[in-house]
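First up is the structure itself, then whatever we jot down about it.
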Amino acid sequence: MSNTQGLAAHALEIFDALIGQGQGLRPRAGQRAMAELVAQTLASAGLRGESDDPDPPQRRLAVVQAGTGVGKSLAYLVPAIALALQRGTRVVVSTATVALQEQLVRQDLPALQARLPMTFRFALAKGRGRYVCRLKLERCLSDPTQAEALPPDDEGEVLWSGTDGHAERLAWWQARAVDLAHGRWDGELDSLVQPPQAGWWAAVAADGASCAGRHCPLYSGCVVFERRKELVGAQVIVVNHDLLLATLGKRQLPELDQCLLVLDEAHHLPATALQQWARRTSLTWLDWIDQLASRMLRVQRELDSNAAAEVPQAAAQLRAALQELARLAVQAWGQGVAQRSEPLRVRLPLGQLPEGWDGALQQASDAAETLLEALRTLGLAVRMALRESSDDSWRLSEWYAQLGALAPRLEAVSDTVRWLAHAPAPGQPPLAKWFVLTPPVAGSDGTVRVSAHASPLLPGGLLRTRLWPQVRAAVLTSATLTGGSGRFDFFLREVGLADDADVTTLAVDSPFDHARQGDLVLAPVAADPRDLPAYQMAVQQALLRDLPQVSQGALVLFTSRAHLQQVVQALPDELRARVLVQGEQPRARLLQQHRERVAAGQPSILLGLQSFGEGLDLPGALCAELFITKLPFAPPDDPVAEARSEWLRAMGHDPFLEWVLPAAALRLQQWVGRALRHEDDRARIVCYDPRLSSTAYGRMMLAGLPPFRRVVAAWARPVPAAGPDARLEA
């Protein structure tokens, strides 16, 4: 037996022994098959530094679809932990949702610690922004006017600035400082009972750009580095996809070519990659440029340096160039914006800028690069001074923090203008580029606010070049990777692993008896989804008819917040008292209230959007009924989706069949997966969208769902099949 086979066999022995203990665990053929592939994959992959062989180590990746109820967490955790301990390495488990992170850290891993024959430690890794920076907190308390206001959101709104809410902010900071000093708070955002206003937290949140590390005078009690110490001694580290991608090459997590990687909820990875590498900047909220220049010049004087000699001119050029871009945008598309009630979003077809923009973009790019270079030089000088002068660490650390606080905004400008000017090579996809023009705020000077945005179109290319070259051993898993087609082609393209010879795939069916445990009720409303007002009204009437019959827990899923709110406003008082609406309370409190109501024998109905359709675990009576108001196609006005469809059509492809439909089929599978969580659950799923049964593509989606007993509602009236162009209105 080779060493690889021996390692895999030993890991499987440990898995089999655990399942054999019983105590709520039962043998499942699908779970065993998944555990076997995980063990073989992670055992046969070579990690960097394991041997003196000059050839690159073997790379092995497994892609596993494990239906609901398979028990995939145990199927990957046990072999991965056993192999990591045998090989002297670590396991990084990345998830997409907070719910799964909490399940792993609070339930699965503690249970394994108690039941496995070997000892291991685990830790949860979060981004710096989830922790307080004690130096920033001290600074806010000593001089609140120095606290940073948040940059504008997509509509250009500054969340707080100046003296707005000054007393309340200061009181909140003081309370947090006292709680921290007396051990009543651990410094984590997620442990606060009541989430603070975004701007209050942003002013005191830790971030890498402003952190002086070991040279900070408050390093010994730093929350971030205390949590990092826990990571150093852990054999299992739980992260999320955002953090995993954001820290590539930054050494905040174990090097991926030296550890075992598991990506759970892997179907989220493509969307996370696009979000991670998209860029945006305001073209009209520019006061920070003067703040940055002033701080750089002050630090230059204090250090007796000439690193910032070009800063005044570069700052003036950057401000002028961004103002010119904003002027061009308003000139091109701003007519009537001031009278609008909502922001105007303008996407550039095929990413092509209008004529006359190149000069301003080049000027902005050059000026931003000059400022970035000066900022790097000054930052290095401050760090060197910190090393040499511990007596002056407070003052130097504050300088470093003040410079670093504005660095991300400068980097965002640099990246955004560079991407706006980007022209793709022949045959390559363009970037999605768009502008948001926001009407003036009442009482302001009447300026239309403008923000610029750019994003890649294809996540597969990003992941193929930025993530996978760093990975030697990985398992990607989810309950929905094939969309019901039985083929992994779409997912592999999206995740950047198409035609990768190192990839092995496996589909493991759910152990549930779907035909016995659940009914899929086809209850199409007599309205065409393309006629949105009529369709939403028809669904509203259907819900008002059906929801009063709910006797336990129910979940209603919407594709539109506006539709959700419309239904909420139409609920009679008696029914409204049974309804809990996403966003009206913190998620944890909302779900706790739902559990309490159902446990007390009362009906409770959750109304939610896409994020409630995935990662929400509502076993048994908590989701005895699931209502789907509309098939979960991506919003038709999403600028990245629009740009991708446009490019695919230009290349002679069918975006609906190649991308829109497979993505919606995966999403529908996730939604339907909320209904059954355990083998003794019973559930009823109701879908009001007539396209699921009246269109060819709808029937394809229907065929990909688990084999529930199908029921046609007695009140369902036949809806004529939509025409061939109906799919374009999905």
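Lettering and numbering for the structure tokens are positional, with chains as A, B, ... in the shown order, residues counted from 1 in each chain, and ligands counted from 1 in the shown order.
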Near-Ala321 (chain A) list (12 Å; only C-alpha atoms; drop same-chain fewer than 3 positions) as a list of chain:residue names: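 Contacts, in chain order: A:Leu283, A:Thr284, A:Leu286, A:Ala314, A:Ala315, A:Ala316, A:Gln317, A:Leu318, A:Glu324, A:Leu325, A:Ala326, A:Arg327, A:Leu328, A:Trp357, A:Asp358, A:Gly359, A:Ala360, A:Leu361, A:Gln362, A:Gln363, A:Ala364, A:Ser365, A:Asp366, A:Ala367, A:Ala368, A:Val413, A:Ser414, A:Val417.
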Dump N, CA and C atoms for the selected residues as a short mmCIF file (atom, residue, chain, number, x, y, z; two decimals), in the first residue's frame?
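Writing done, so here's out_26.cif:
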```cif
data_model
loop_
_atom_site.label_atom_id
_atom_site.label_comp_id
_atom_site.auth_asym_id
_atom_site.auth_seq_id
_atom_site.Cartn_x
_atom_site.Cartn_y
_atom_site.Cartn_z
N LEU A 283 -17.33 60.45 -7.66
CA LEU A 283 -16.70 61.49 -8.46
C LEU A 283 -17.05 62.89 -7.95
N THR A 284 -17.88 62.95 -6.92
CA THR A 284 -18.31 64.27 -6.44
C THR A 284 -18.05 64.47 -4.95
N LEU A 286 -15.34 64.64 -2.67
CA LEU A 286 -13.89 64.68 -2.87
C LEU A 286 -13.12 65.39 -1.76
N ALA A 314 -0.41 66.99 -7.37
CA ALA A 314 -1.11 65.75 -7.73
C ALA A 314 -2.52 65.74 -7.15
N ALA A 315 -2.68 66.22 -5.92
CA ALA A 315 -4.01 66.26 -5.31
C ALA A 315 -4.94 67.19 -6.09
N ALA A 316 -4.42 68.35 -6.50
CA ALA A 316 -5.23 69.29 -7.28
C ALA A 316 -5.61 68.68 -8.62
N GLN A 317 -4.66 67.98 -9.25
CA GLN A 317 -4.95 67.34 -10.54
C GLN A 317 -5.98 66.23 -10.39
N LEU A 318 -5.88 65.45 -9.31
CA LEU A 318 -6.84 64.36 -9.11
C LEU A 318 -8.24 64.92 -8.90
N GLU A 324 -14.05 66.70 -13.57
CA GLU A 324 -14.32 66.72 -15.01
C GLU A 324 -15.09 65.47 -15.44
N LEU A 325 -14.75 64.33 -14.88
CA LEU A 325 -15.49 63.10 -15.19
C LEU A 325 -16.94 63.22 -14.74
N ALA A 326 -17.15 63.79 -13.55
CA ALA A 326 -18.52 63.99 -13.07
C ALA A 326 -19.28 64.94 -14.00
N ARG A 327 -18.60 66.01 -14.45
CA ARG A 327 -19.23 66.97 -15.37
C ARG A 327 -19.63 66.29 -16.67
N LEU A 328 -18.73 65.45 -17.21
CA LEU A 328 -19.03 64.75 -18.45
C LEU A 328 -20.22 63.81 -18.28
N TRP A 357 -13.42 61.31 -23.08
CA TRP A 357 -13.21 61.00 -21.67
C TRP A 357 -11.77 60.58 -21.38
N ASP A 358 -11.02 60.24 -22.39
CA ASP A 358 -9.69 59.66 -22.18
C ASP A 358 -8.75 60.59 -21.41
N GLY A 359 -8.79 61.88 -21.72
CA GLY A 359 -7.87 62.80 -21.08
C GLY A 359 -8.08 62.89 -19.58
N ALA A 360 -9.32 63.02 -19.16
CA ALA A 360 -9.62 63.12 -17.72
C ALA A 360 -9.27 61.83 -17.01
N LEU A 361 -9.55 60.69 -17.65
CA LEU A 361 -9.21 59.40 -17.03
C LEU A 361 -7.70 59.26 -16.86
N GLN A 362 -6.94 59.63 -17.89
CA GLN A 362 -5.49 59.51 -17.80
C GLN A 362 -4.93 60.44 -16.73
N GLN A 363 -5.46 61.67 -16.67
CA GLN A 363 -5.00 62.61 -15.65
C GLN A 363 -5.30 62.08 -14.25
N ALA A 364 -6.50 61.52 -14.06
CA ALA A 364 -6.86 60.97 -12.75
C ALA A 364 -5.97 59.79 -12.40
N SER A 365 -5.70 58.93 -13.38
CA SER A 365 -4.86 57.76 -13.13
C SER A 365 -3.44 58.17 -12.76
N ASP A 366 -2.87 59.12 -13.50
CA ASP A 366 -1.50 59.57 -13.23
C ASP A 366 -1.40 60.23 -11.85
N ALA A 367 -2.37 61.09 -11.55
CA ALA A 367 -2.34 61.79 -10.26
C ALA A 367 -2.51 60.82 -9.10
N ALA A 368 -3.42 59.85 -9.25
CA ALA A 368 -3.63 58.86 -8.19
C ALA A 368 -2.38 58.03 -7.97
N VAL A 413 -10.03 54.86 -6.16
CA VAL A 413 -10.02 55.79 -7.29
C VAL A 413 -9.08 55.30 -8.37
N SER A 414 -7.87 54.92 -7.97
CA SER A 414 -6.87 54.47 -8.93
C SER A 414 -7.37 53.26 -9.73
N VAL A 417 -10.63 54.27 -12.10
CA VAL A 417 -10.37 55.03 -13.34
C VAL A 417 -9.53 54.20 -14.31
#
```
Near-Leu85 (chain A) list (12 Å; only C-alpha atoms; drop same-chain fewer than 5 positions) as a list in words: Leu7, His10, Ala11, Ala43, Val78, Pro79, Ala80, Arg90, Val91, Pro117, Met118, Thr119, Phe120, Arg121, Ala234, Gln235, Val236, Cys259 and Leu260 of chain A
Nearest to Ala577 (chain A) by atom-to-atom distance, counting only C-alpha atoms, from A:Pro632, A:Pro195, A:Gly249, A:Pro603: A:Pro603
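Remark: for Ser560 (chain A), the closest of the candidate residues A:Glu355, A:Asp637, A:Glu584, A:Glu658 is A:Asp637 (distances computed over only C-alpha atoms).
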Arg176 (chain A) environment, 9 Å, only C-alpha atoms, sequence neighbours closer than 5 positions dropped, as number ranges by chain: A: 137, 171, 181, 185, 187
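You can rank A:Arg644, A:Arg691, A:Arg106, A:Arg227 by their closest distance to Pro459 (chain A) using only C-alpha atoms, and at the top of that list sits A:Arg644.
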Per-residue DSSP, region 417-555 of chain A, filtered to strand (DSSP E), as a ChimeraX atom specification: /A:432-438,449-455,473-478,503-508,518-522,553-555
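With distances restricted to only C-alpha atoms, A:Arg280 is the closest residue to Glu411 (chain A) from A:Arg280, A:Met34, A:Asp445, A:Gln669.
Closest approach to Ser44 (chain A) among A:Arg115, A:Arg677, A:Arg472, A:Arg710: A:Arg472, based on only C-alpha atoms.
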Polymer residues at most 12 Å from Arg561 (chain A), only C-alpha atoms, same-chain spacing of 6 or more positions, as an NGL selection string: :A and (536 or 567-568 or 581-583 or 607-611 or 629 or 635)
Would you put the residues from that selection into a file with N, CA, C and O atoms, as a PDB file, in the first residue's frame?
```pdb
ATOM      1  N   GLN A 536     -47.736  40.684  -9.829  1.00  0.00           N
ATOM      2  CA  GLN A 536     -47.543  40.876  -8.396  1.00  0.00           C
ATOM      3  C   GLN A 536     -48.873  40.971  -7.666  1.00  0.00           C
ATOM      4  O   GLN A 536     -49.013  40.463  -6.542  1.00  0.00           O
ATOM      5  N   VAL A 567     -46.914  43.294  -0.412  1.00  0.00           N
ATOM      6  CA  VAL A 567     -47.716  42.249   0.235  1.00  0.00           C
ATOM      7  C   VAL A 567     -47.885  42.544   1.721  1.00  0.00           C
ATOM      8  O   VAL A 567     -48.983  42.402   2.287  1.00  0.00           O
ATOM      9  N   VAL A 568     -46.822  42.983   2.372  1.00  0.00           N
ATOM     10  CA  VAL A 568     -46.894  43.292   3.803  1.00  0.00           C
ATOM     11  C   VAL A 568     -47.955  44.359   4.062  1.00  0.00           C
ATOM     12  O   VAL A 568     -48.758  44.256   5.001  1.00  0.00           O
ATOM     13  N   VAL A 581     -40.912  39.884   9.036  1.00  0.00           N
ATOM     14  CA  VAL A 581     -40.393  40.362   7.759  1.00  0.00           C
ATOM     15  C   VAL A 581     -38.886  40.578   7.841  1.00  0.00           C
ATOM     16  O   VAL A 581     -38.396  41.240   8.760  1.00  0.00           O
ATOM     17  N   GLN A 582     -38.173  40.020   6.889  1.00  0.00           N
ATOM     18  CA  GLN A 582     -36.727  40.213   6.830  1.00  0.00           C
ATOM     19  C   GLN A 582     -36.398  41.702   6.794  1.00  0.00           C
ATOM     20  O   GLN A 582     -36.967  42.461   6.022  1.00  0.00           O
ATOM     21  N   GLY A 583     -35.449  42.112   7.628  1.00  0.00           N
ATOM     22  CA  GLY A 583     -35.012  43.493   7.658  1.00  0.00           C
ATOM     23  C   GLY A 583     -35.670  44.335   8.726  1.00  0.00           C
ATOM     24  O   GLY A 583     -35.161  45.401   9.078  1.00  0.00           O
ATOM     25  N   LEU A 607     -41.243  36.224   5.914  1.00  0.00           N
ATOM     26  CA  LEU A 607     -41.207  36.765   4.561  1.00  0.00           C
ATOM     27  C   LEU A 607     -39.794  37.250   4.291  1.00  0.00           C
ATOM     28  O   LEU A 607     -39.254  38.065   5.046  1.00  0.00           O
ATOM     29  N   GLY A 608     -39.167  36.713   3.226  1.00  0.00           N
ATOM     30  CA  GLY A 608     -37.778  37.063   2.983  1.00  0.00           C
ATOM     31  C   GLY A 608     -37.409  37.091   1.519  1.00  0.00           C
ATOM     32  O   GLY A 608     -38.190  36.712   0.639  1.00  0.00           O
ATOM     33  N   LEU A 609     -36.163  37.525   1.281  1.00  0.00           N
ATOM     34  CA  LEU A 609     -35.610  37.642  -0.062  1.00  0.00           C
ATOM     35  C   LEU A 609     -34.577  36.547  -0.299  1.00  0.00           C
ATOM     36  O   LEU A 609     -34.551  35.538   0.408  1.00  0.00           O
ATOM     37  N   GLN A 610     -33.697  36.768  -1.280  1.00  0.00           N
ATOM     38  CA  GLN A 610     -32.750  35.762  -1.716  1.00  0.00           C
ATOM     39  C   GLN A 610     -31.920  35.180  -0.568  1.00  0.00           C
ATOM     40  O   GLN A 610     -31.713  33.973  -0.501  1.00  0.00           O
ATOM     41  N   SER A 611     -31.438  36.013   0.348  1.00  0.00           N
ATOM     42  CA  SER A 611     -30.573  35.502   1.407  1.00  0.00           C
ATOM     43  C   SER A 611     -31.309  34.558   2.355  1.00  0.00           C
ATOM     44  O   SER A 611     -30.679  33.759   3.055  1.00  0.00           O
ATOM     45  N   THR A 629     -42.837  32.885  -4.649  1.00  0.00           N
ATOM     46  CA  THR A 629     -43.685  33.850  -5.347  1.00  0.00           C
ATOM     47  C   THR A 629     -43.314  34.008  -6.809  1.00  0.00           C
ATOM     48  O   THR A 629     -44.158  34.383  -7.630  1.00  0.00           O
ATOM     49  N   PRO A 635     -32.052  39.658 -11.068  1.00  0.00           N
ATOM     50  CA  PRO A 635     -32.744  40.901 -11.450  1.00  0.00           C
ATOM     51  C   PRO A 635     -32.329  41.334 -12.848  1.00  0.00           C
ATOM     52  O   PRO A 635     -31.135  41.371 -13.167  1.00  0.00           O
TER      53      PRO A 635
END
```
Residues of region 109-238 of chain A in helix (DSSP H, G or I), written as a VMD selection string: chain A and resid 109 to 115 128 to 130 134 to 142 144 to 146 166 to 181 189 to 191 198 to 204 213 to 215 219 to 221 223 to 232
Non-local contacts of Ala29 (chain A) (9 Å; only C-alpha atoms; under 4 positions in same chain excluded) as an NGL selection string: :A and (33-34 or 70 or 508 or 511)
Keeping all heavy atoms, export the residues of the selection given above as an mmCIF file, in the first residue's frame.
```cif
data_model
loop_
_atom_site.group_PDB
_atom_site.id
_atom_site.type_symbol
_atom_site.label_atom_id
_atom_site.label_comp_id
_atom_site.auth_asym_id
_atom_site.auth_seq_id
_atom_site.Cartn_x
_atom_site.Cartn_y
_atom_site.Cartn_z
ATOM 1 N N ALA A 33 -19.529 7.684 0.549
ATOM 2 C CA ALA A 33 -18.890 7.873 -0.755
ATOM 3 C C ALA A 33 -18.202 9.233 -0.819
ATOM 4 O O ALA A 33 -17.090 9.357 -1.362
ATOM 5 C CB ALA A 33 -19.935 7.753 -1.867
ATOM 6 N N MET A 34 -18.835 10.242 -0.261
ATOM 7 C CA MET A 34 -18.219 11.571 -0.254
ATOM 8 C C MET A 34 -16.971 11.570 0.619
ATOM 9 O O MET A 34 -15.928 12.114 0.226
ATOM 10 C CB MET A 34 -19.222 12.606 0.255
ATOM 11 C CG MET A 34 -18.638 14.009 0.339
ATOM 12 S SD MET A 34 -19.863 15.255 0.842
ATOM 13 C CE MET A 34 -18.802 16.699 0.976
ATOM 14 N N VAL A 70 -27.406 14.625 3.310
ATOM 15 C CA VAL A 70 -26.264 13.710 3.169
ATOM 16 C C VAL A 70 -25.364 13.783 4.393
ATOM 17 O O VAL A 70 -24.780 12.785 4.822
ATOM 18 C CB VAL A 70 -25.466 14.033 1.884
ATOM 19 C CG1 VAL A 70 -24.103 13.354 1.898
ATOM 20 C CG2 VAL A 70 -26.254 13.595 0.660
ATOM 21 N N VAL A 508 -23.840 13.113 -5.131
ATOM 22 C CA VAL A 508 -24.392 12.211 -4.119
ATOM 23 C C VAL A 508 -25.830 12.611 -3.851
ATOM 24 O O VAL A 508 -26.106 13.754 -3.474
ATOM 25 C CB VAL A 508 -23.569 12.278 -2.814
ATOM 26 C CG1 VAL A 508 -24.188 11.370 -1.763
ATOM 27 C CG2 VAL A 508 -22.127 11.881 -3.066
ATOM 28 N N PRO A 511 -30.624 11.486 0.904
ATOM 29 C CA PRO A 511 -31.252 10.255 1.424
ATOM 30 C C PRO A 511 -32.742 10.424 1.707
ATOM 31 O O PRO A 511 -33.401 9.455 2.104
ATOM 32 C CB PRO A 511 -30.476 10.016 2.722
ATOM 33 C CG PRO A 511 -30.098 11.388 3.191
ATOM 34 C CD PRO A 511 -29.831 12.177 1.933
#
```
